[in-house]
Amino acid sequence: MPSDSKTYILTGSFSGIGLAILTHLLTPKHPDTPPPTIHVLDLASAPPTLPATLPTAIIHFYPNTDVTSRAGITAIFDRILAQSPQIDELINSAGICPPPTIGGFENDELFDRVLDVNLRGTWILGTEFLKHVLNKDADAAAGNPGAAGGGGVHVRAAIVNIASRAAFSPPPGMVAYATSKYAVLGLTKAWAKEYTSRGVRLNCVAPGGTRTPLVDSALTEGMIDAYAESAPMGRLAAPEEIASVVGFLLEGGAGFVSGQMVVVDGGYYL
Ligand SMILES: NC(=O)c1ccc[n+]([C@@H]2O[C@H](COP(=O)([O-])OP(=O)(O)OC[C@H]3O[C@@H](n4cnc5c(N)ncnc54)[C@H](O)[C@@H]3O)[C@@H](O)[C@H]2O)c1
């Protein structure tokens, strides 16, 4: 069924999983569905080249944007809101993963930088988004379970935070990274408790090993092979496989899902 056009904000979508999410969201699902408007924030300076078949006219790129800067992100939100007065969904995919420090200590500088990007960046984007959503919709802000005519909470927005399987199964030498992602799970859970009843669905996707530039820069080829062999399905995921799960959580059909973590690593947890 066609639905109204949505407006998304994506971070870290010039590369890897974020880029696959951008491509997924731009790919038409139904001939009558209007294309979404997408605002893409990334620290990198060169926006990606997208397939010519995708509708790119409704993408706004914000290169050289650091998710750790509150002032910078507030200014970007002002620019976004001038173009898109209603924002519907936020995906926090920006993240860093330094090479593992095997048999030693990760230093304070590394710990601070990893926590800053992976956790504080998620916090900054999420709070800017929530301020906008809750200020805009007085009913949602007041928490009105009858807002949909007795049919429960009127859901008007959603956030997906990208955590990692490393959060609960830390790989060797990646203490800072695992800690940052465990905190992203905690942040998502706490936000879900605060804001689901006020109309914002909050979920977390925790990918297992996924072949992206992040993995290629953090691990040697030998480490990647060993990592893939030890994975439940004997291989790494493709970024598109993570993106389709994020898309499911955002595009419809998942309207009753909030406060959940979806682990996408081919493993078994039941
Ligand atoms: N690849 C994996 O195996 C894997 C597994 C689990 C979780 N993740 C998570 O998925 C997310 C995406 O990772 P990826 O593998 O696609 O990596 P990637 O390196 O391909 O993409 C990360 C993007 O984030 C951007 N970025 C980094 N720091 C930023 C900052 N301060 N401000 C704004 N943008 C910034 C980068 O420029 C890049 O475009 C990350 O949060 C990562 O931790 C990845």
# chains A, B, ... in the order shown; residues from 1 in each chain; ligands from 1
>>> residues_around(residues="Ala157 of chain A", least_positions_apart="3", cutoff="6 Å", atoms="only C-alpha atoms", output="PyMOL selection string")
chain A and resi 88-89+200
>>> select_by_dssp(residues="segment 120-224 of chain A", states="helix (DSSP H, G or I)", output="count of residues only")
59
>>> atom_distance(atom1="atom CA of Val205 of chain A", atom2="atom CA of Ala163 of chain A")
5.9 Å
>>> closest_residue(among="A:Gly103, A:Gly252, A:Gly12, A:Pro213", to="Asn118 of chain A", atoms="only C-alpha atoms")
A:Gly12
>>> select_by_dssp(residues="segment 26-165 of chain A", states="strand (DSSP E)", output="number ranges by chain")
A: 37-41, 59-62, 89-92, 157-162
>>> closest_atom_pairs(of="chain A", to="ligand 1", cutoff="8 Å", atoms="only C-alpha atoms and all ligand atoms", output="JSON lines")
{"residue": "A:Thr11", "atom": "CA", "partner": "ligand 1", "partner_atom_place_in_ligand_line": "34 (N)", "distance": 6.1}
{"residue": "A:Gly12", "atom": "CA", "partner": "ligand 1", "partner_atom_place_in_ligand_line": "24 (O)", "distance": 3.5}
{"residue": "A:Ser13", "atom": "CA", "partner": "ligand 1", "partner_atom_place_in_ligand_line": "39 (O)", "distance": 5.4}
{"residue": "A:Phe14", "atom": "CA", "partner": "ligand 1", "partner_atom_place_in_ligand_line": "39 (O)", "distance": 4.3}
{"residue": "A:Ser15", "atom": "CA", "partner": "ligand 1", "partner_atom_place_in_ligand_line": "39 (O)", "distance": 4.2}
{"residue": "A:Gly16", "atom": "CA", "partner": "ligand 1", "partner_atom_place_in_ligand_line": "16 (O)", "distance": 3.3}
{"residue": "A:Ile17", "atom": "CA", "partner": "ligand 1", "partner_atom_place_in_ligand_line": "16 (O)", "distance": 3.7}
{"residue": "A:Gly18", "atom": "CA", "partner": "ligand 1", "partner_atom_place_in_ligand_line": "16 (O)", "distance": 5.5}
{"residue": "A:Leu19", "atom": "CA", "partner": "ligand 1", "partner_atom_place_in_ligand_line": "16 (O)", "distance": 7.3}
{"residue": "A:Leu41", "atom": "CA", "partner": "ligand 1", "partner_atom_place_in_ligand_line": "33 (C)", "distance": 6.3}
{"residue": "A:Asp42", "atom": "CA", "partner": "ligand 1", "partner_atom_place_in_ligand_line": "34 (N)", "distance": 3.8}
{"residue": "A:Leu43", "atom": "CA", "partner": "ligand 1", "partner_atom_place_in_ligand_line": "33 (C)", "distance": 4.0}
{"residue": "A:Ala44", "atom": "CA", "partner": "ligand 1", "partner_atom_place_in_ligand_line": "37 (O)", "distance": 4.5}
{"residue": "A:Asn64", "atom": "CA", "partner": "ligand 1", "partner_atom_place_in_ligand_line": "33 (C)", "distance": 7.5}
{"residue": "A:Thr65", "atom": "CA", "partner": "ligand 1", "partner_atom_place_in_ligand_line": "33 (C)", "distance": 5.5}
{"residue": "A:Asp66", "atom": "CA", "partner": "ligand 1", "partner_atom_place_in_ligand_line": "32 (N)", "distance": 3.6}
{"residue": "A:Val67", "atom": "CA", "partner": "ligand 1", "partner_atom_place_in_ligand_line": "32 (N)", "distance": 4.0}
{"residue": "A:Thr68", "atom": "CA", "partner": "ligand 1", "partner_atom_place_in_ligand_line": "31 (N)", "distance": 5.6}
{"residue": "A:Asn92", "atom": "CA", "partner": "ligand 1", "partner_atom_place_in_ligand_line": "41 (O)", "distance": 7.3}
{"residue": "A:Ser93", "atom": "CA", "partner": "ligand 1", "partner_atom_place_in_ligand_line": "11 (C)", "distance": 4.5}
{"residue": "A:Ala94", "atom": "CA", "partner": "ligand 1", "partner_atom_place_in_ligand_line": "24 (O)", "distance": 3.6}
{"residue": "A:Gly95", "atom": "CA", "partner": "ligand 1", "partner_atom_place_in_ligand_line": "41 (O)", "distance": 3.6}
{"residue": "A:Ile96", "atom": "CA", "partner": "ligand 1", "partner_atom_place_in_ligand_line": "27 (C)", "distance": 5.3}
{"residue": "A:Cys97", "atom": "CA", "partner": "ligand 1", "partner_atom_place_in_ligand_line": "43 (O)", "distance": 6.1}
{"residue": "A:Asp116", "atom": "CA", "partner": "ligand 1", "partner_atom_place_in_ligand_line": "31 (N)", "distance": 7.9}
{"residue": "A:Val117", "atom": "CA", "partner": "ligand 1", "partner_atom_place_in_ligand_line": "31 (N)", "distance": 5.0}
{"residue": "A:Asn118", "atom": "CA", "partner": "ligand 1", "partner_atom_place_in_ligand_line": "41 (O)", "distance": 6.3}
{"residue": "A:Gly121", "atom": "CA", "partner": "ligand 1", "partner_atom_place_in_ligand_line": "31 (N)", "distance": 7.0}
{"residue": "A:Ile162", "atom": "CA", "partner": "ligand 1", "partner_atom_place_in_ligand_line": "41 (O)", "distance": 5.4}
{"residue": "A:Ala163", "atom": "CA", "partner": "ligand 1", "partner_atom_place_in_ligand_line": "7 (C)", "distance": 5.5}
{"residue": "A:Ser164", "atom": "CA", "partner": "ligand 1", "partner_atom_place_in_ligand_line": "6 (C)", "distance": 3.9}
{"residue": "A:Arg165", "atom": "CA", "partner": "ligand 1", "partner_atom_place_in_ligand_line": "6 (C)", "distance": 6.0}
{"residue": "A:Ala166", "atom": "CA", "partner": "ligand 1", "partner_atom_place_in_ligand_line": "6 (C)", "distance": 6.9}
{"residue": "A:Tyr177", "atom": "CA", "partner": "ligand 1", "partner_atom_place_in_ligand_line": "43 (O)", "distance": 7.7}
{"residue": "A:Lys181", "atom": "CA", "partner": "ligand 1", "partner_atom_place_in_ligand_line": "43 (O)", "distance": 7.5}
{"residue": "A:Ala206", "atom": "CA", "partner": "ligand 1", "partner_atom_place_in_ligand_line": "6 (C)", "distance": 6.1}
{"residue": "A:Pro207", "atom": "CA", "partner": "ligand 1", "partner_atom_place_in_ligand_line": "6 (C)", "distance": 4.3}
{"residue": "A:Gly208", "atom": "CA", "partner": "ligand 1", "partner_atom_place_in_ligand_line": "5 (C)", "distance": 4.9}
{"residue": "A:Gly209", "atom": "CA", "partner": "ligand 1", "partner_atom_place_in_ligand_line": "3 (O)", "distance": 3.5}
{"residue": "A:Thr210", "atom": "CA", "partner": "ligand 1", "partner_atom_place_in_ligand_line": "3 (O)", "distance": 3.6}
{"residue": "A:Arg211", "atom": "CA", "partner": "ligand 1", "partner_atom_place_in_ligand_line": "1 (N)", "distance": 5.6}
{"residue": "A:Thr212", "atom": "CA", "partner": "ligand 1", "partner_atom_place_in_ligand_line": "15 (O)", "distance": 4.7}
{"residue": "A:Pro213", "atom": "CA", "partner": "ligand 1", "partner_atom_place_in_ligand_line": "20 (O)", "distance": 4.4}
{"residue": "A:Leu214", "atom": "CA", "partner": "ligand 1", "partner_atom_place_in_ligand_line": "19 (O)", "distance": 3.8}
{"residue": "A:Val215", "atom": "CA", "partner": "ligand 1", "partner_atom_place_in_ligand_line": "1 (N)", "distance": 5.3}
{"residue": "A:Leu236", "atom": "CA", "partner": "ligand 1", "partner_atom_place_in_ligand_line": "3 (O)", "distance": 7.7}
{"residue": "A:Ala237", "atom": "CA", "partner": "ligand 1", "partner_atom_place_in_ligand_line": "3 (O)", "distance": 7.8}
{"residue": "A:Pro239", "atom": "CA", "partner": "ligand 1", "partner_atom_place_in_ligand_line": "16 (O)", "distance": 7.2}
>>> closest_residue(among="A:Thr122, A:Ser197, A:Thr101, A:Thr127", to="Pro172 of chain A", atoms="only C-alpha atoms")
A:Thr101
>>> closest_residue(among="A:Leu22, A:Trp191, A:His132, A:Phe168", to="Asp78 of chain A", atoms="only C-alpha atoms")
A:His132
>>> residues_around(residues="Ala243 of chain A", least_positions_apart="5", cutoff="7 Å", atoms="only C-alpha atoms", output="CSV table (one decimal) with C-alpha atoms, in the first residue's frame")
chain,number,residue,atom,x,y,z
A,17,ILE,CA,25.9,0.2,6.4
A,20,ALA,CA,23.2,0.8,2.2
A,21,ILE,CA,20.4,2.2,4.4
A,24,HIS,CA,17.4,1.0,0.6
>>> decode(residues="segment 131-211 of chain A", atoms="C-alpha atoms", output="PDB file, in the first residue's frame")
ATOM      1  CA  LYS A 131      13.208  18.093  20.873  1.00  0.00           C
ATOM      2  CA  HIS A 132      11.811  18.756  17.415  1.00  0.00           C
ATOM      3  CA  VAL A 133       9.292  15.905  17.450  1.00  0.00           C
ATOM      4  CA  LEU A 134       7.970  16.473  20.961  1.00  0.00           C
ATOM      5  CA  ASN A 135       7.791  20.254  20.612  1.00  0.00           C
ATOM      6  CA  LYS A 136       5.962  19.957  17.328  1.00  0.00           C
ATOM      7  CA  ASP A 137       3.287  17.557  18.455  1.00  0.00           C
ATOM      8  CA  ALA A 138       1.700  18.812  21.652  1.00  0.00           C
ATOM      9  CA  ASP A 139      -0.504  15.730  21.969  1.00  0.00           C
ATOM     10  CA  ALA A 140       2.480  13.448  21.802  1.00  0.00           C
ATOM     11  CA  ALA A 141       4.435  15.614  24.214  1.00  0.00           C
ATOM     12  CA  ALA A 142       1.605  15.466  26.713  1.00  0.00           C
ATOM     13  CA  GLY A 143       1.407  11.693  26.411  1.00  0.00           C
ATOM     14  CA  ASN A 144      -2.117  10.988  25.248  1.00  0.00           C
ATOM     15  CA  PRO A 145      -2.936   7.290  25.006  1.00  0.00           C
ATOM     16  CA  GLY A 146      -6.250   8.121  23.378  1.00  0.00           C
ATOM     17  CA  ALA A 147      -4.729  10.276  20.675  1.00  0.00           C
ATOM     18  CA  ALA A 148      -5.696   7.810  17.961  1.00  0.00           C
ATOM     19  CA  GLY A 149      -9.352   7.733  18.948  1.00  0.00           C
ATOM     20  CA  GLY A 150      -8.910   5.130  21.684  1.00  0.00           C
ATOM     21  CA  GLY A 151      -6.651   3.064  19.443  1.00  0.00           C
ATOM     22  CA  GLY A 152      -3.542   3.610  21.497  1.00  0.00           C
ATOM     23  CA  VAL A 153      -0.596   5.967  21.186  1.00  0.00           C
ATOM     24  CA  HIS A 154      -0.382   7.973  17.990  1.00  0.00           C
ATOM     25  CA  VAL A 155       3.056   7.024  16.660  1.00  0.00           C
ATOM     26  CA  ARG A 156       4.511   9.892  14.663  1.00  0.00           C
ATOM     27  CA  ALA A 157       8.269   9.283  14.670  1.00  0.00           C
ATOM     28  CA  ALA A 158      10.954   6.636  14.996  1.00  0.00           C
ATOM     29  CA  ILE A 159      14.654   6.314  15.758  1.00  0.00           C
ATOM     30  CA  VAL A 160      16.942   3.409  14.923  1.00  0.00           C
ATOM     31  CA  ASN A 161      20.351   3.404  16.592  1.00  0.00           C
ATOM     32  CA  ILE A 162      23.047   1.151  15.174  1.00  0.00           C
ATOM     33  CA  ALA A 163      24.763  -0.661  18.035  1.00  0.00           C
ATOM     34  CA  SER A 164      26.757  -3.863  17.529  1.00  0.00           C
ATOM     35  CA  ARG A 165      26.882  -7.491  18.495  1.00  0.00           C
ATOM     36  CA  ALA A 166      30.183  -6.438  20.106  1.00  0.00           C
ATOM     37  CA  ALA A 167      28.087  -4.833  22.853  1.00  0.00           C
ATOM     38  CA  PHE A 168      27.282  -8.185  24.433  1.00  0.00           C
ATOM     39  CA  SER A 169      30.018 -10.309  22.871  1.00  0.00           C
ATOM     40  CA  PRO A 170      33.110  -8.063  22.914  1.00  0.00           C
ATOM     41  CA  PRO A 171      35.849  -9.044  20.456  1.00  0.00           C
ATOM     42  CA  PRO A 172      39.407  -9.105  21.889  1.00  0.00           C
ATOM     43  CA  GLY A 173      41.170  -5.747  22.141  1.00  0.00           C
ATOM     44  CA  MET A 174      38.032  -3.682  21.541  1.00  0.00           C
ATOM     45  CA  VAL A 175      37.056  -2.635  25.047  1.00  0.00           C
ATOM     46  CA  ALA A 176      36.247   0.973  24.174  1.00  0.00           C
ATOM     47  CA  TYR A 177      34.195  -0.018  21.110  1.00  0.00           C
ATOM     48  CA  ALA A 178      32.240  -2.725  22.969  1.00  0.00           C
ATOM     49  CA  THR A 179      31.600  -0.322  25.856  1.00  0.00           C
ATOM     50  CA  SER A 180      30.351   2.404  23.529  1.00  0.00           C
ATOM     51  CA  LYS A 181      27.929   0.033  21.823  1.00  0.00           C
ATOM     52  CA  TYR A 182      26.659  -1.403  25.124  1.00  0.00           C
ATOM     53  CA  ALA A 183      25.929   2.177  26.100  1.00  0.00           C
ATOM     54  CA  VAL A 184      24.056   2.744  22.823  1.00  0.00           C
ATOM     55  CA  LEU A 185      21.821  -0.197  23.775  1.00  0.00           C
ATOM     56  CA  GLY A 186      21.259   1.365  27.204  1.00  0.00           C
ATOM     57  CA  LEU A 187      20.507   4.760  25.720  1.00  0.00           C
ATOM     58  CA  THR A 188      17.978   3.263  23.313  1.00  0.00           C
ATOM     59  CA  LYS A 189      16.280   1.350  26.136  1.00  0.00           C
ATOM     60  CA  ALA A 190      16.094   4.433  28.368  1.00  0.00           C
ATOM     61  CA  TRP A 191      14.775   6.604  25.536  1.00  0.00           C
ATOM     62  CA  ALA A 192      12.189   3.935  24.655  1.00  0.00           C
ATOM     63  CA  LYS A 193      10.920   3.991  28.245  1.00  0.00           C
ATOM     64  CA  GLU A 194      10.667   7.775  28.148  1.00  0.00           C
ATOM     65  CA  TYR A 195       9.240   8.366  24.717  1.00  0.00           C
ATOM     66  CA  THR A 196       7.343   5.365  23.304  1.00  0.00           C
ATOM     67  CA  SER A 197       4.207   6.468  25.150  1.00  0.00           C
ATOM     68  CA  ARG A 198       4.729   9.921  23.647  1.00  0.00           C
ATOM     69  CA  GLY A 199       4.660   8.673  20.075  1.00  0.00           C
ATOM     70  CA  VAL A 200       8.295   7.908  19.267  1.00  0.00           C
ATOM     71  CA  ARG A 201       9.330   4.332  18.511  1.00  0.00           C
ATOM     72  CA  LEU A 202      12.941   3.621  19.503  1.00  0.00           C
ATOM     73  CA  ASN A 203      14.816   0.547  18.407  1.00  0.00           C
ATOM     74  CA  CYS A 204      18.361  -0.664  18.115  1.00  0.00           C
ATOM     75  CA  VAL A 205      19.922  -2.814  15.403  1.00  0.00           C
ATOM     76  CA  ALA A 206      23.003  -4.755  16.479  1.00  0.00           C
ATOM     77  CA  PRO A 207      24.896  -6.037  13.429  1.00  0.00           C
ATOM     78  CA  GLY A 208      27.440  -8.774  13.599  1.00  0.00           C
ATOM     79  CA  GLY A 209      30.515  -8.556  11.376  1.00  0.00           C
ATOM     80  CA  THR A 210      29.626  -6.767   8.159  1.00  0.00           C
ATOM     81  CA  ARG A 211      32.021  -6.177   5.269  1.00  0.00           C
TER      82      ARG A 211
END
